[in-house]
Structures are given as structure tokens and as C-alpha cells.
Amino acid sequence: MKSFFITGGAGFIGSHVCEEIVKKFPKAKIFVLDKLTYAGNIKFIKNLISTKQIKFIKADLIDIKKYSKYLKKIDCAINVAAESHVDNSFTNSINFTKTNVLGTHTFIQGCINNNIKKIIHISTDEVYGDKIKGKSKETDKLNPTNPYSASKASSDLLVRSWHETYGIKAVITNCSNNYGPWQNPEKLIPKIIFNALQGNDIPIYGTGENIRDWLHVSDHVAALLSVGETNEIFSRYVIGGNQEMSNINLTKMICNYLDKVEPRSSSYFNQVKFTEDRLGHDLRYAIDASYISNNLGFKPAYKLSQGIEDTVDWYLKNKSWVEMKAKTKR
């Protein structure tokens, strides 16, 4: 592929996508769109921009007039941009509808108008809802249970409908919980690390028994690049790390490793404080990733224990960023 257009490219997942595409396609032209909200940071891709391989466009996904000219002659469009924190969707759901539904609508229509050859739409396993039994797979019906997952399910349906109507070549991916370097402290793993290092309470919803499947962001990006190579006209892939763990056990894992590498007088786990459970908190999300494994040969490289250790090490080496983020939250 010779040219890419990546939305949300200054965010957590998007910046890792940009980095890997630059490595894999050193001669490709890459256009990166990001609104630079609190979850985006131009510093994430500053070094990439300096190579002049990347053209950065600061704009809202909805404001097609600001970026439509850059959609011409693009080989692959990757839609990563999204409002993604469930807690925020309870208090400001309209933003989730604007970005995830209207934003996707606007962007995909722009891609169609410019005859982009392939579209990869990044979504979440949360669109399948609570999985008390079994695991989510590509053929499951969508069953979202909160404003965030409902907005993402809506965007998935839009992409599917445009394929059916216009015959666009599109892929939808639904990934499990990501983690890794640069992730915003609103997410569980960095929240645990941030609060532990700051000496604050480590808040855990309910009893901490909620289970998630954890996927290192590097593994997610590897899967996306594999998906980008497929010749299917339309496909959906669920992408998981095959590593389920309860929130409380995940917290123990992180605290135990911090006790080892950054010891204090008492265990970091003593900072845990159980809080009132959030609204509509799904008990379990789980992924059956056999389809992408069997068809594209994708298998996660990271075991959760090693991924957690590497992630904690990164935050310890970047304490200035941790402290800066902590100040912005006050």
C-alpha cells in the first residue's frame, strides 16, 4: 500500500498504528487526522511527523471540509477515532453519538466520495454485550448495554450498510481491552499504576470480579496490519489477547510487580478502595479469536504477565509524564 489516512492518529491506539505503519511501509504517505482532545497528544507522533512521512491534520471527524482534499488517492483509510471511555458516556453521551456515529458517517461517506480502495473500521468487543457464558465471535448479534457501546455498534452497522449499498471494501474489527505505553489514566491499568505511584486510593468498582480479556496494543496493531492485507470485499474480525482476568486479580498483579521493582513500606495493594459499582457494569467480556487465528495466522505475542511488567516499567521510566497527567486531573 502506498498511502494511508488514519483518524485518531494522535491517540493511544492510533499513535501505535502510525508507528507500525511507518516501520512496515517506509515509503508510504500517511495522513493523520486528530481533534487533539484530552485523549490525544501530538507528542505521541512528534518524531514520526518530523520524518515528513506523515502529514498531520488537526480537525474534528465531522468537519469533512477541513480534510476531504487529503482523502484523494488514498489506498487505505483506518478509522480509529472514537470517544471510548464508558464512564464518560454516562455523563456526556451526546459527544459519543457525535463522534462515534455522526463522525463515522461523515468520514466513511468522504471515503466513498473519493473512491478509497479499502476501509478498516476499529470497534470494540463491548458491542456484543455481557458474556456470562461463552465468548463473542464475528457472527454474534450486537447487544450493546451502555451509551458508549451503543454508539460503536451504530458505527459498525453504518459501515456494514455502506458495504451492502455501495459495495465498498471494508473490514470491521472488534477488539478486547487494550493496554500499553502512553494510555490515558482514565483506563483501568494506567489508573492503577498512576494512583499507586501517587500514593492515592486505587479505586475498584464493586467487588472487582468483573472480567475482561486483555490485549497489548502492539498485538492489536499487528492484527490490524494483518487485516489490512486481506483481499476480502467485506469482513469482520474479533481480536483478543486470549487472557481473561478479573479486575481485582489484575490489580493484584500490578501491585505485586510494583512491590518488587519500586518497594515501599507496605504493599501498594493496601491502597485499594472498593467503590460503588458503576451503572450497567457488564460482568464479563470475552473473545473467541479463532477466526483471525485460523485465517490470518494472528496470535498475540504478549502474555499478560509480561505485558503488565513491560507497561509498568514504561510508566516508571516516564514518571514526568505520569506526574504531568496527575496534575491535569486535579
# chains A, B, ... in the order shown; residues from 1 in each chain; ligands from 1
call {"tool": "residues_around", "arguments": {"residues": "range 50-55 of chain A", "least_positions_apart": "3", "cutoff": "8 Å", "atoms": "only C-alpha atoms", "output": "MDAnalysis selection string"}}
result
chainID A and resid 22 26:32 46:47
call {"tool": "closest_atom_pairs", "arguments": {"of": "range 39-157 of chain A", "to": "range 271-287 of chain A", "cutoff": "12 Å", "atoms": "only C-alpha atoms", "output": "CSV"}}
result
residue,atom,partner,partner_atom,distance
A:Val86,CA,A:His281,CA,9.5
A:Asp87,CA,A:Arg278,CA,7.8
A:Asn88,CA,A:Arg278,CA,11.3
A:Ser89,CA,A:Leu279,CA,10.8
A:Phe90,CA,A:Leu279,CA,8.2
A:Thr91,CA,A:Leu279,CA,11.1
A:Thr124,CA,A:Tyr285,CA,10.3
A:Asp125,CA,A:Tyr285,CA,7.1
A:Glu126,CA,A:Tyr285,CA,7.0
A:Val127,CA,A:Tyr285,CA,9.9
A:Tyr128,CA,A:Tyr285,CA,8.3
A:Gly129,CA,A:Asp282,CA,7.2
A:Asp130,CA,A:Asp282,CA,5.1
A:Lys131,CA,A:Arg284,CA,5.3
A:Ile132,CA,A:Arg284,CA,6.1
A:Lys133,CA,A:Arg284,CA,8.6
A:Gly134,CA,A:Ala286,CA,7.5
A:Lys135,CA,A:Ala286,CA,4.8
A:Ser136,CA,A:Ile287,CA,4.9
A:Lys137,CA,A:Ile287,CA,6.5
A:Glu138,CA,A:Ile287,CA,9.5
A:Asp140,CA,A:Ile287,CA,11.1
A:Asn143,CA,A:Asp282,CA,11.5
A:Pro144,CA,A:Asp282,CA,10.0
A:Thr145,CA,A:Gly280,CA,7.0
A:Asn146,CA,A:Gly280,CA,6.9
A:Pro147,CA,A:Gly280,CA,10.2
A:Tyr148,CA,A:Gly280,CA,11.7
A:Ser149,CA,A:Asp282,CA,11.2
call {"tool": "residues_around", "arguments": {"residues": "Trp214 in chain A", "least_positions_apart": "5", "cutoff": "12 Å", "atoms": "only C-alpha atoms", "output": "short mmCIF file (atom, residue, chain, number, x, y, z; two decimals) with N, CA and C atoms, in the first residue's frame"}}
result
data_model
loop_
_atom_site.label_atom_id
_atom_site.label_comp_id
_atom_site.auth_asym_id
_atom_site.auth_seq_id
_atom_site.Cartn_x
_atom_site.Cartn_y
_atom_site.Cartn_z
N ASP A 125 -15.19 -5.01 21.46
CA ASP A 125 -15.97 -6.21 21.79
C ASP A 125 -17.19 -5.88 22.64
N CYS A 175 -12.12 -5.31 19.04
CA CYS A 175 -11.02 -5.75 19.90
C CYS A 175 -11.42 -5.76 21.37
N SER A 176 -10.69 -6.54 22.15
CA SER A 176 -10.89 -6.55 23.60
C SER A 176 -10.09 -5.40 24.22
N ASN A 177 -10.05 -5.32 25.54
CA ASN A 177 -9.41 -4.20 26.23
C ASN A 177 -7.92 -4.10 25.91
N ASN A 178 -7.52 -2.93 25.42
CA ASN A 178 -6.11 -2.69 25.11
C ASN A 178 -5.37 -2.11 26.32
N TYR A 179 -4.06 -2.31 26.32
CA TYR A 179 -3.20 -1.67 27.33
C TYR A 179 -1.81 -1.51 26.76
N GLY A 180 -0.99 -0.68 27.39
CA GLY A 180 0.38 -0.47 26.94
C GLY A 180 0.84 0.96 27.18
N LEU A 188 -8.28 1.47 33.07
CA LEU A 188 -8.03 0.74 34.30
C LEU A 188 -6.56 0.52 34.62
N ILE A 189 -5.80 -0.03 33.69
CA ILE A 189 -4.40 -0.37 34.01
C ILE A 189 -3.57 0.87 34.33
N ASP A 219 0.08 -6.03 20.02
CA ASP A 219 -0.58 -7.18 19.40
C ASP A 219 -1.79 -6.74 18.59
N HIS A 220 -2.53 -5.78 19.12
CA HIS A 220 -3.68 -5.26 18.38
C HIS A 220 -3.26 -4.69 17.03
N ILE A 239 -10.78 -9.46 17.77
CA ILE A 239 -9.36 -9.55 18.10
C ILE A 239 -9.21 -9.53 19.62
N GLY A 240 -8.64 -10.59 20.16
CA GLY A 240 -8.47 -10.67 21.61
C GLY A 240 -7.10 -11.18 21.99
N GLY A 241 -6.79 -11.03 23.27
CA GLY A 241 -5.50 -11.49 23.77
C GLY A 241 -5.54 -12.89 24.34
N ASN A 242 -6.77 -13.48 24.38
CA ASN A 242 -6.96 -14.81 24.98
C ASN A 242 -6.47 -14.85 26.42
N GLN A 243 -6.66 -13.75 27.13
CA GLN A 243 -6.17 -13.65 28.51
C GLN A 243 -7.19 -12.91 29.37
N GLU A 244 -8.14 -13.66 29.88
CA GLU A 244 -9.16 -13.08 30.74
C GLU A 244 -8.67 -12.99 32.18
N MET A 245 -9.07 -11.92 32.83
CA MET A 245 -8.71 -11.76 34.24
C MET A 245 -9.69 -10.80 34.90
N SER A 246 -10.00 -11.06 36.15
CA SER A 246 -10.87 -10.16 36.90
C SER A 246 -10.11 -8.88 37.24
N ASN A 247 -10.84 -7.81 37.44
CA ASN A 247 -10.21 -6.53 37.77
C ASN A 247 -9.40 -6.60 39.05
N LEU A 250 -6.17 -8.52 38.41
CA LEU A 250 -5.29 -7.67 37.62
C LEU A 250 -4.61 -6.63 38.50
N ARG A 284 -18.75 -9.59 32.27
CA ARG A 284 -17.65 -10.23 31.54
C ARG A 284 -17.73 -9.95 30.05
N TYR A 285 -16.56 -9.64 29.47
CA TYR A 285 -16.39 -9.62 28.03
C TYR A 285 -15.35 -10.69 27.70
N ALA A 286 -15.59 -11.43 26.64
CA ALA A 286 -14.66 -12.49 26.25
C ALA A 286 -14.67 -12.63 24.74
N ILE A 287 -13.52 -12.98 24.19
CA ILE A 287 -13.33 -13.06 22.73
C ILE A 287 -12.97 -14.48 22.30
N PRO A 300 -1.49 -13.50 19.64
CA PRO A 300 -0.85 -12.48 20.47
C PRO A 300 0.55 -12.90 20.90
N TYR A 302 2.20 -11.22 23.35
CA TYR A 302 2.35 -10.88 24.77
C TYR A 302 1.51 -11.77 25.68
N LYS A 303 2.16 -12.37 26.65
CA LYS A 303 1.43 -12.94 27.78
C LYS A 303 1.10 -11.79 28.72
N LEU A 304 -0.02 -11.86 29.39
CA LEU A 304 -0.46 -10.72 30.20
C LEU A 304 0.56 -10.34 31.26
N SER A 305 1.15 -11.33 31.92
CA SER A 305 2.12 -11.03 32.98
C SER A 305 3.30 -10.23 32.44
N GLY A 307 3.34 -8.47 29.59
CA GLY A 307 2.83 -7.20 29.11
C GLY A 307 2.64 -6.19 30.24
N ILE A 308 2.13 -6.67 31.37
CA ILE A 308 1.94 -5.80 32.54
C ILE A 308 3.28 -5.30 33.06
#
call {"tool": "select_by_dssp", "arguments": {"residues": "range 139-194 of chain A", "states": "strand (DSSP E)", "output": "PyMOL selection string"}}
result
chain A and resi 170-175+177-179
call {"tool": "residues_around", "arguments": {"residues": "range 62-79 of chain A", "least_positions_apart": "2", "cutoff": "6 Å", "atoms": "only C-alpha atoms", "output": "short mmCIF file (atom, residue, chain, number, x, y, z; two decimals) with C-alpha atoms, in the first residue's frame"}}
result
data_model
loop_
_atom_site.label_atom_id
_atom_site.label_comp_id
_atom_site.auth_asym_id
_atom_site.auth_seq_id
_atom_site.Cartn_x
_atom_site.Cartn_y
_atom_site.Cartn_z
CA SER A 3 -0.94 5.82 1.13
CA PHE A 4 -2.93 5.75 4.36
CA PHE A 5 -5.41 8.02 6.08
CA ILE A 6 -5.63 7.40 9.84
CA THR A 7 -8.21 9.06 12.08
CA ASP A 60 -12.92 17.10 14.04
CA ALA A 81 -11.01 7.98 16.20
CA GLY A 103 -18.26 11.27 12.81
CA THR A 106 -19.18 11.72 7.74
CA ASN A 114 -13.12 9.75 -3.02
CA ILE A 116 -10.83 4.91 -1.34
CA LYS A 117 -9.88 1.32 -2.03
CA LYS A 118 -10.15 -0.09 1.49
CA ILE A 119 -11.61 0.98 4.84
CA ILE A 120 -10.71 -0.53 8.21
CA HIS A 121 -13.10 0.45 10.98
CA ILE A 122 -11.84 -0.12 14.54
#
call {"tool": "atom_distance", "arguments": {"atom1": "CA of Val227 in chain A", "atom2": "CA of Gly14 in chain A"}}
result
15.5 Å
call {"tool": "residues_around", "arguments": {"residues": "Lys35 in chain A", "least_positions_apart": "2", "cutoff": "6 Å", "atoms": "only C-alpha atoms", "output": "list in words"}}
result
Thr37, Lys58, Ala59 and Asp60 of chain A
call {"tool": "write_last_selection", "arguments": {"atoms": "N, CA and C atoms", "output": "PDB file, in the first residue's frame"}}
result
ATOM      1  N   THR A  37      -8.253  16.100  21.472  1.00  0.00           N
ATOM      2  CA  THR A  37      -8.966  16.276  22.727  1.00  0.00           C
ATOM      3  C   THR A  37      -8.040  15.849  23.858  1.00  0.00           C
ATOM      4  N   LYS A  58      -5.193  18.725  12.041  1.00  0.00           N
ATOM      5  CA  LYS A  58      -5.980  18.893  13.258  1.00  0.00           C
ATOM      6  C   LYS A  58      -7.401  19.271  12.872  1.00  0.00           C
ATOM      7  N   ALA A  59      -8.327  18.362  13.115  1.00  0.00           N
ATOM      8  CA  ALA A  59      -9.720  18.616  12.748  1.00  0.00           C
ATOM      9  C   ALA A  59     -10.638  17.603  13.412  1.00  0.00           C
ATOM     10  N   ASP A  60     -11.879  17.993  13.558  1.00  0.00           N
ATOM     11  CA  ASP A  60     -12.923  17.096  14.042  1.00  0.00           C
ATOM     12  C   ASP A  60     -13.325  16.169  12.906  1.00  0.00           C
TER      13      ASP A  60
END
call {"tool": "closest_residue", "arguments": {"among": "A:Val261, A:Val221, A:Ala82, A:Ile204", "to": "Leu316 in chain A", "atoms": "only C-alpha atoms"}}
result
A:Val261
call {"tool": "residues_around", "arguments": {"residues": "Phe44 in chain A", "least_positions_apart": "4", "cutoff": "9 Å", "atoms": "only C-alpha atoms", "output": "MDAnalysis selection string"}}
result
chainID A and resid 9:12 15:16 40 48 182
call {"tool": "closest_residue", "arguments": {"among": "A:Asn195, A:Gln109, A:Ser218, A:Ser123", "to": "Val17 in chain A", "atoms": "only C-alpha atoms"}}
result
A:Ser218
call {"tool": "residues_around", "arguments": {"residues": "Asn231 in chain A", "least_positions_apart": "3", "cutoff": "10 Å", "atoms": "only C-alpha atoms", "output": "PDB file with N, CA and C atoms, in the first residue's frame"}}
result
ATOM      1  N   LYS A 118      -9.865   0.779   0.345  1.00  0.00           N
ATOM      2  CA  LYS A 118     -10.150  -0.089   1.487  1.00  0.00           C
ATOM      3  C   LYS A 118     -10.342   0.733   2.751  1.00  0.00           C
ATOM      4  N   LYS A 169     -15.080  -1.849  -0.081  1.00  0.00           N
ATOM      5  CA  LYS A 169     -14.252  -2.886   0.503  1.00  0.00           C
ATOM      6  C   LYS A 169     -13.942  -2.467   1.941  1.00  0.00           C
ATOM      7  N   ALA A 170     -14.544  -3.134   2.904  1.00  0.00           N
ATOM      8  CA  ALA A 170     -14.445  -2.695   4.290  1.00  0.00           C
ATOM      9  C   ALA A 170     -14.199  -3.859   5.235  1.00  0.00           C
ATOM     10  N   VAL A 227      -5.001  -7.699   8.981  1.00  0.00           N
ATOM     11  CA  VAL A 227      -6.318  -7.453   8.385  1.00  0.00           C
ATOM     12  C   VAL A 227      -6.192  -6.588   7.132  1.00  0.00           C
ATOM     13  N   GLY A 228      -5.265  -5.638   7.171  1.00  0.00           N
ATOM     14  CA  GLY A 228      -5.070  -4.742   6.035  1.00  0.00           C
ATOM     15  C   GLY A 228      -4.605  -5.450   4.775  1.00  0.00           C
ATOM     16  N   PHE A 234     -15.708  -7.778   2.135  1.00  0.00           N
ATOM     17  CA  PHE A 234     -16.203  -7.337   3.437  1.00  0.00           C
ATOM     18  C   PHE A 234     -15.912  -8.423   4.458  1.00  0.00           C
ATOM     19  N   SER A 235     -15.468  -8.011   5.632  1.00  0.00           N
ATOM     20  CA  SER A 235     -15.191  -8.990   6.684  1.00  0.00           C
ATOM     21  C   SER A 235     -15.260  -8.322   8.049  1.00  0.00           C
TER      22      SER A 235
END
